[in-house]
Amino acid sequence: MLKLPEDMTFEELLAEYNELKLGFGGLRTKDIMRKHGLEDEIHYRETEGYIDLTPAEIKELEVDKD
């Protein structure tokens, strides 16, 4: 079962994104949607400076912000 992008480490995000970018066997609609979700999460973590944090640490910081 696939993990949600929010539950993946930054390395996992990049690995899956790069795999989808190669497009072996062609990309289906769900693959393109997955790729866009990964791009969004990568951009979010880069923008917020969360690259070195685990998903649990990011969730904890987000709860503390509210």
# chains A, B, ... in the order shown; residues from 1 in each chain; ligands from 1
>>> select_by_dssp(residues="chain A", states="alpha helix (DSSP H)", output="ChimeraX atom specification")
/A:10-22,29-48,55-65
>>> residues_around(residues="Glu16 of chain A", least_positions_apart="3", cutoff="12 Å", atoms="only C-alpha atoms", output="list in words")
Leu2, Lys3, Leu4, Pro5, Met8, Thr9, Phe10, Glu11, Glu12, Leu13, Glu19, Leu20, Lys21, Leu22, Gly23, Asp31, Arg34, Lys35, His36, Gly37, Leu38, Glu39 and Ile42 of chain A
>>> write_last_selection(atoms="C-alpha atoms", output="JSON list (two decimals), in the first residue's frame")
[["chain", "number", "residue", "atom", "x", "y", "z"],
["A", 2, "LEU", "CA", 1.26, 3.45, -0.88],
["A", 3, "LYS", "CA", 2.09, 5.92, 1.85],
["A", 4, "LEU", "CA", 0.64, 9.40, 1.75],
["A", 5, "PRO", "CA", 3.28, 11.99, 0.85],
["A", 8, "MET", "CA", 7.07, 9.87, 3.88],
["A", 9, "THR", "CA", 10.60, 11.00, 4.68],
["A", 10, "PHE", "CA", 12.18, 13.52, 2.33],
["A", 11, "GLU", "CA", 14.40, 10.80, 0.85],
["A", 12, "GLU", "CA", 11.37, 8.60, 0.15],
["A", 13, "LEU", "CA", 9.61, 11.54, -1.52],
["A", 19, "GLU", "CA", 11.02, 7.08, -10.35],
["A", 20, "LEU", "CA", 7.77, 8.58, -11.61],
["A", 21, "LYS", "CA", 9.68, 11.24, -13.54],
["A", 22, "LEU", "CA", 11.42, 8.51, -15.53],
["A", 23, "GLY", "CA", 8.02, 7.21, -16.60],
["A", 31, "ASP", "CA", 0.60, 8.21, -11.57],
["A", 34, "ARG", "CA", 0.65, 10.97, -7.40],
["A", 35, "LYS", "CA", 3.58, 12.84, -8.99],
["A", 36, "HIS", "CA", 1.84, 16.18, -8.44],
["A", 37, "GLY", "CA", 1.15, 15.29, -4.79],
["A", 38, "LEU", "CA", 4.81, 14.43, -4.29],
["A", 39, "GLU", "CA", 5.88, 17.68, -5.96],
["A", 42, "ILE", "CA", 8.60, 18.39, -1.65]]
>>> closest_residue(among="A:Phe24, A:Glu6, A:Met1, A:Ile32", to="Tyr50 of chain A", atoms="only C-alpha atoms")
A:Glu6
>>> atom_distance(atom1="atom CA of Leu61 of chain A", atom2="atom CA of Arg45 of chain A")
12.3 Å
>>> atom_distance(atom1="atom CA of Ile58 of chain A", atom2="atom CA of Glu41 of chain A")
11.7 Å
>>> atom_distance(atom1="atom CA of Asp40 of chain A", atom2="atom CA of Tyr17 of chain A")
10.8 Å
>>> decode(residues="segment 10-26 of chain A", atoms="all heavy atoms", output="PDB file, in the first residue's frame")
ATOM      1  N   PHE A  10      11.806  12.744   3.512  1.00  0.00           N
ATOM      2  CA  PHE A  10      12.175  13.520   2.333  1.00  0.00           C
ATOM      3  C   PHE A  10      12.876  12.636   1.300  1.00  0.00           C
ATOM      4  O   PHE A  10      12.641  12.777   0.100  1.00  0.00           O
ATOM      5  CB  PHE A  10      13.064  14.701   2.730  1.00  0.00           C
ATOM      6  CG  PHE A  10      13.204  15.719   1.651  1.00  0.00           C
ATOM      7  CD1 PHE A  10      12.153  16.563   1.340  1.00  0.00           C
ATOM      8  CD2 PHE A  10      14.373  15.845   0.933  1.00  0.00           C
ATOM      9  CE1 PHE A  10      12.262  17.506   0.334  1.00  0.00           C
ATOM     10  CE2 PHE A  10      14.502  16.790  -0.073  1.00  0.00           C
ATOM     11  CZ  PHE A  10      13.437  17.621  -0.372  1.00  0.00           C
ATOM     12  N   GLU A  11      13.701  11.706   1.762  1.00  0.00           N
ATOM     13  CA  GLU A  11      14.404  10.802   0.847  1.00  0.00           C
ATOM     14  C   GLU A  11      13.420   9.904   0.096  1.00  0.00           C
ATOM     15  O   GLU A  11      13.587   9.647  -1.094  1.00  0.00           O
ATOM     16  CB  GLU A  11      15.423   9.947   1.610  1.00  0.00           C
ATOM     17  CG  GLU A  11      16.605  10.722   2.149  1.00  0.00           C
ATOM     18  CD  GLU A  11      16.285  11.510   3.421  1.00  0.00           C
ATOM     19  OE1 GLU A  11      15.331  11.154   4.136  1.00  0.00           O
ATOM     20  OE2 GLU A  11      16.990  12.494   3.672  1.00  0.00           O
ATOM     21  N   GLU A  12      12.399   9.421   0.797  1.00  0.00           N
ATOM     22  CA  GLU A  12      11.372   8.601   0.151  1.00  0.00           C
ATOM     23  C   GLU A  12      10.611   9.409  -0.896  1.00  0.00           C
ATOM     24  O   GLU A  12      10.297   8.901  -1.977  1.00  0.00           O
ATOM     25  CB  GLU A  12      10.391   8.040   1.188  1.00  0.00           C
ATOM     26  CG  GLU A  12      10.972   6.992   2.097  1.00  0.00           C
ATOM     27  CD  GLU A  12      10.030   6.604   3.218  1.00  0.00           C
ATOM     28  OE1 GLU A  12       9.269   7.467   3.713  1.00  0.00           O
ATOM     29  OE2 GLU A  12      10.057   5.428   3.608  1.00  0.00           O
ATOM     30  N   LEU A  13      10.302  10.665  -0.566  1.00  0.00           N
ATOM     31  CA  LEU A  13       9.610  11.537  -1.521  1.00  0.00           C
ATOM     32  C   LEU A  13      10.416  11.694  -2.802  1.00  0.00           C
ATOM     33  O   LEU A  13       9.893  11.530  -3.906  1.00  0.00           O
ATOM     34  CB  LEU A  13       9.372  12.922  -0.913  1.00  0.00           C
ATOM     35  CG  LEU A  13       8.311  13.061   0.157  1.00  0.00           C
ATOM     36  CD1 LEU A  13       8.422  14.422   0.827  1.00  0.00           C
ATOM     37  CD2 LEU A  13       6.931  12.864  -0.424  1.00  0.00           C
ATOM     38  N   LEU A  14      11.702  12.012  -2.636  1.00  0.00           N
ATOM     39  CA  LEU A  14      12.554  12.221  -3.807  1.00  0.00           C
ATOM     40  C   LEU A  14      12.717  10.945  -4.624  1.00  0.00           C
ATOM     41  O   LEU A  14      12.692  10.994  -5.858  1.00  0.00           O
ATOM     42  CB  LEU A  14      13.925  12.746  -3.380  1.00  0.00           C
ATOM     43  CG  LEU A  14      13.966  14.181  -2.873  1.00  0.00           C
ATOM     44  CD1 LEU A  14      15.380  14.545  -2.430  1.00  0.00           C
ATOM     45  CD2 LEU A  14      13.464  15.147  -3.916  1.00  0.00           C
ATOM     46  N   ALA A  15      12.881   9.817  -3.946  1.00  0.00           N
ATOM     47  CA  ALA A  15      13.068   8.550  -4.651  1.00  0.00           C
ATOM     48  C   ALA A  15      11.840   8.207  -5.497  1.00  0.00           C
ATOM     49  O   ALA A  15      11.966   7.858  -6.679  1.00  0.00           O
ATOM     50  CB  ALA A  15      13.364   7.428  -3.663  1.00  0.00           C
ATOM     51  N   GLU A  16      10.663   8.312  -4.902  1.00  0.00           N
ATOM     52  CA  GLU A  16       9.454   7.991  -5.660  1.00  0.00           C
ATOM     53  C   GLU A  16       9.204   9.011  -6.764  1.00  0.00           C
ATOM     54  O   GLU A  16       8.799   8.654  -7.870  1.00  0.00           O
ATOM     55  CB  GLU A  16       8.239   7.906  -4.740  1.00  0.00           C
ATOM     56  CG  GLU A  16       7.024   7.398  -5.464  1.00  0.00           C
ATOM     57  CD  GLU A  16       5.864   7.071  -4.569  1.00  0.00           C
ATOM     58  OE1 GLU A  16       6.068   6.852  -3.368  1.00  0.00           O
ATOM     59  OE2 GLU A  16       4.735   7.028  -5.091  1.00  0.00           O
ATOM     60  N   TYR A  17       9.463  10.284  -6.485  1.00  0.00           N
ATOM     61  CA  TYR A  17       9.275  11.328  -7.495  1.00  0.00           C
ATOM     62  C   TYR A  17      10.190  11.073  -8.700  1.00  0.00           C
ATOM     63  O   TYR A  17       9.749  11.139  -9.843  1.00  0.00           O
ATOM     64  CB  TYR A  17       9.544  12.708  -6.892  1.00  0.00           C
ATOM     65  CG  TYR A  17       9.472  13.811  -7.913  1.00  0.00           C
ATOM     66  CD1 TYR A  17       8.250  14.238  -8.413  1.00  0.00           C
ATOM     67  CD2 TYR A  17      10.622  14.427  -8.391  1.00  0.00           C
ATOM     68  CE1 TYR A  17       8.177  15.239  -9.356  1.00  0.00           C
ATOM     69  CE2 TYR A  17      10.559  15.429  -9.335  1.00  0.00           C
ATOM     70  CZ  TYR A  17       9.333  15.831  -9.813  1.00  0.00           C
ATOM     71  OH  TYR A  17       9.267  16.819 -10.753  1.00  0.00           O
ATOM     72  N   ASN A  18      11.452  10.778  -8.438  1.00  0.00           N
ATOM     73  CA  ASN A  18      12.395  10.528  -9.530  1.00  0.00           C
ATOM     74  C   ASN A  18      12.007   9.289 -10.330  1.00  0.00           C
ATOM     75  O   ASN A  18      12.167   9.260 -11.548  1.00  0.00           O
ATOM     76  CB  ASN A  18      13.824  10.394  -8.988  1.00  0.00           C
ATOM     77  CG  ASN A  18      14.377  11.736  -8.556  1.00  0.00           C
ATOM     78  OD1 ASN A  18      14.010  12.770  -9.090  1.00  0.00           O
ATOM     79  ND2 ASN A  18      15.244  11.716  -7.570  1.00  0.00           N
ATOM     80  N   GLU A  19      11.480   8.281  -9.654  1.00  0.00           N
ATOM     81  CA  GLU A  19      11.017   7.077 -10.347  1.00  0.00           C
ATOM     82  C   GLU A  19       9.846   7.401 -11.274  1.00  0.00           C
ATOM     83  O   GLU A  19       9.801   6.951 -12.419  1.00  0.00           O
ATOM     84  CB  GLU A  19      10.601   6.034  -9.306  1.00  0.00           C
ATOM     85  CG  GLU A  19      10.244   4.690  -9.884  1.00  0.00           C
ATOM     86  CD  GLU A  19       9.890   3.700  -8.800  1.00  0.00           C
ATOM     87  OE1 GLU A  19      10.626   3.617  -7.808  1.00  0.00           O
ATOM     88  OE2 GLU A  19       8.857   3.015  -8.954  1.00  0.00           O
ATOM     89  N   LEU A  20       8.911   8.193 -10.777  1.00  0.00           N
ATOM     90  CA  LEU A  20       7.768   8.584 -11.613  1.00  0.00           C
ATOM     91  C   LEU A  20       8.194   9.490 -12.756  1.00  0.00           C
ATOM     92  O   LEU A  20       7.619   9.454 -13.840  1.00  0.00           O
ATOM     93  CB  LEU A  20       6.693   9.276 -10.764  1.00  0.00           C
ATOM     94  CG  LEU A  20       5.867   8.369  -9.871  1.00  0.00           C
ATOM     95  CD1 LEU A  20       4.999   9.196  -8.942  1.00  0.00           C
ATOM     96  CD2 LEU A  20       5.015   7.425 -10.701  1.00  0.00           C
ATOM     97  N   LYS A  21       9.185  10.334 -12.502  1.00  0.00           N
ATOM     98  CA  LYS A  21       9.675  11.245 -13.540  1.00  0.00           C
ATOM     99  C   LYS A  21      10.253  10.478 -14.726  1.00  0.00           C
ATOM    100  O   LYS A  21      10.150  10.917 -15.869  1.00  0.00           O
ATOM    101  CB  LYS A  21      10.732  12.166 -12.928  1.00  0.00           C
ATOM    102  CG  LYS A  21      10.685  13.567 -13.442  1.00  0.00           C
ATOM    103  CD  LYS A  21      11.463  14.520 -12.587  1.00  0.00           C
ATOM    104  CE  LYS A  21      12.938  14.342 -12.756  1.00  0.00           C
ATOM    105  NZ  LYS A  21      13.726  15.444 -12.169  1.00  0.00           N
ATOM    106  N   LEU A  22      10.864   9.319 -14.449  1.00  0.00           N
ATOM    107  CA  LEU A  22      11.422   8.509 -15.526  1.00  0.00           C
ATOM    108  C   LEU A  22      10.324   7.947 -16.427  1.00  0.00           C
ATOM    109  O   LEU A  22      10.532   7.773 -17.621  1.00  0.00           O
ATOM    110  CB  LEU A  22      12.271   7.370 -14.951  1.00  0.00           C
ATOM    111  CG  LEU A  22      13.543   7.796 -14.235  1.00  0.00           C
ATOM    112  CD1 LEU A  22      14.202   6.578 -13.592  1.00  0.00           C
ATOM    113  CD2 LEU A  22      14.501   8.467 -15.187  1.00  0.00           C
ATOM    114  N   GLY A  23       9.172   7.646 -15.827  1.00  0.00           N
ATOM    115  CA  GLY A  23       8.020   7.214 -16.601  1.00  0.00           C
ATOM    116  C   GLY A  23       8.154   5.869 -17.281  1.00  0.00           C
ATOM    117  O   GLY A  23       7.607   5.663 -18.363  1.00  0.00           O
ATOM    118  N   PHE A  24       8.880   4.937 -16.664  1.00  0.00           N
ATOM    119  CA  PHE A  24       9.003   3.606 -17.260  1.00  0.00           C
ATOM    120  C   PHE A  24       7.628   2.970 -17.429  1.00  0.00           C
ATOM    121  O   PHE A  24       6.835   2.933 -16.507  1.00  0.00           O
ATOM    122  CB  PHE A  24       9.871   2.688 -16.393  1.00  0.00           C
ATOM    123  CG  PHE A  24      11.321   3.062 -16.401  1.00  0.00           C
ATOM    124  CD1 PHE A  24      12.013   3.212 -15.224  1.00  0.00           C
ATOM    125  CD2 PHE A  24      11.999   3.267 -17.587  1.00  0.00           C
ATOM    126  CE1 PHE A  24      13.349   3.555 -15.219  1.00  0.00           C
ATOM    127  CE2 PHE A  24      13.329   3.619 -17.600  1.00  0.00           C
ATOM    128  CZ  PHE A  24      14.010   3.764 -16.407  1.00  0.00           C
ATOM    129  N   GLY A  25       7.330   2.495 -18.598  1.00  0.00           N
ATOM    130  CA  GLY A  25       6.051   1.857 -18.866  1.00  0.00           C
ATOM    131  C   GLY A  25       4.916   2.836 -19.067  1.00  0.00           C
ATOM    132  O   GLY A  25       3.770   2.432 -19.141  1.00  0.00           O
ATOM    133  N   GLY A  26       5.223   4.102 -19.123  1.00  0.00           N
ATOM    134  CA  GLY A  26       4.183   5.110 -19.320  1.00  0.00           C
ATOM    135  C   GLY A  26       3.548   5.519 -18.009  1.00  0.00           C
ATOM    136  O   GLY A  26       3.616   4.822 -17.014  1.00  0.00           O
TER     137      GLY A  26
END
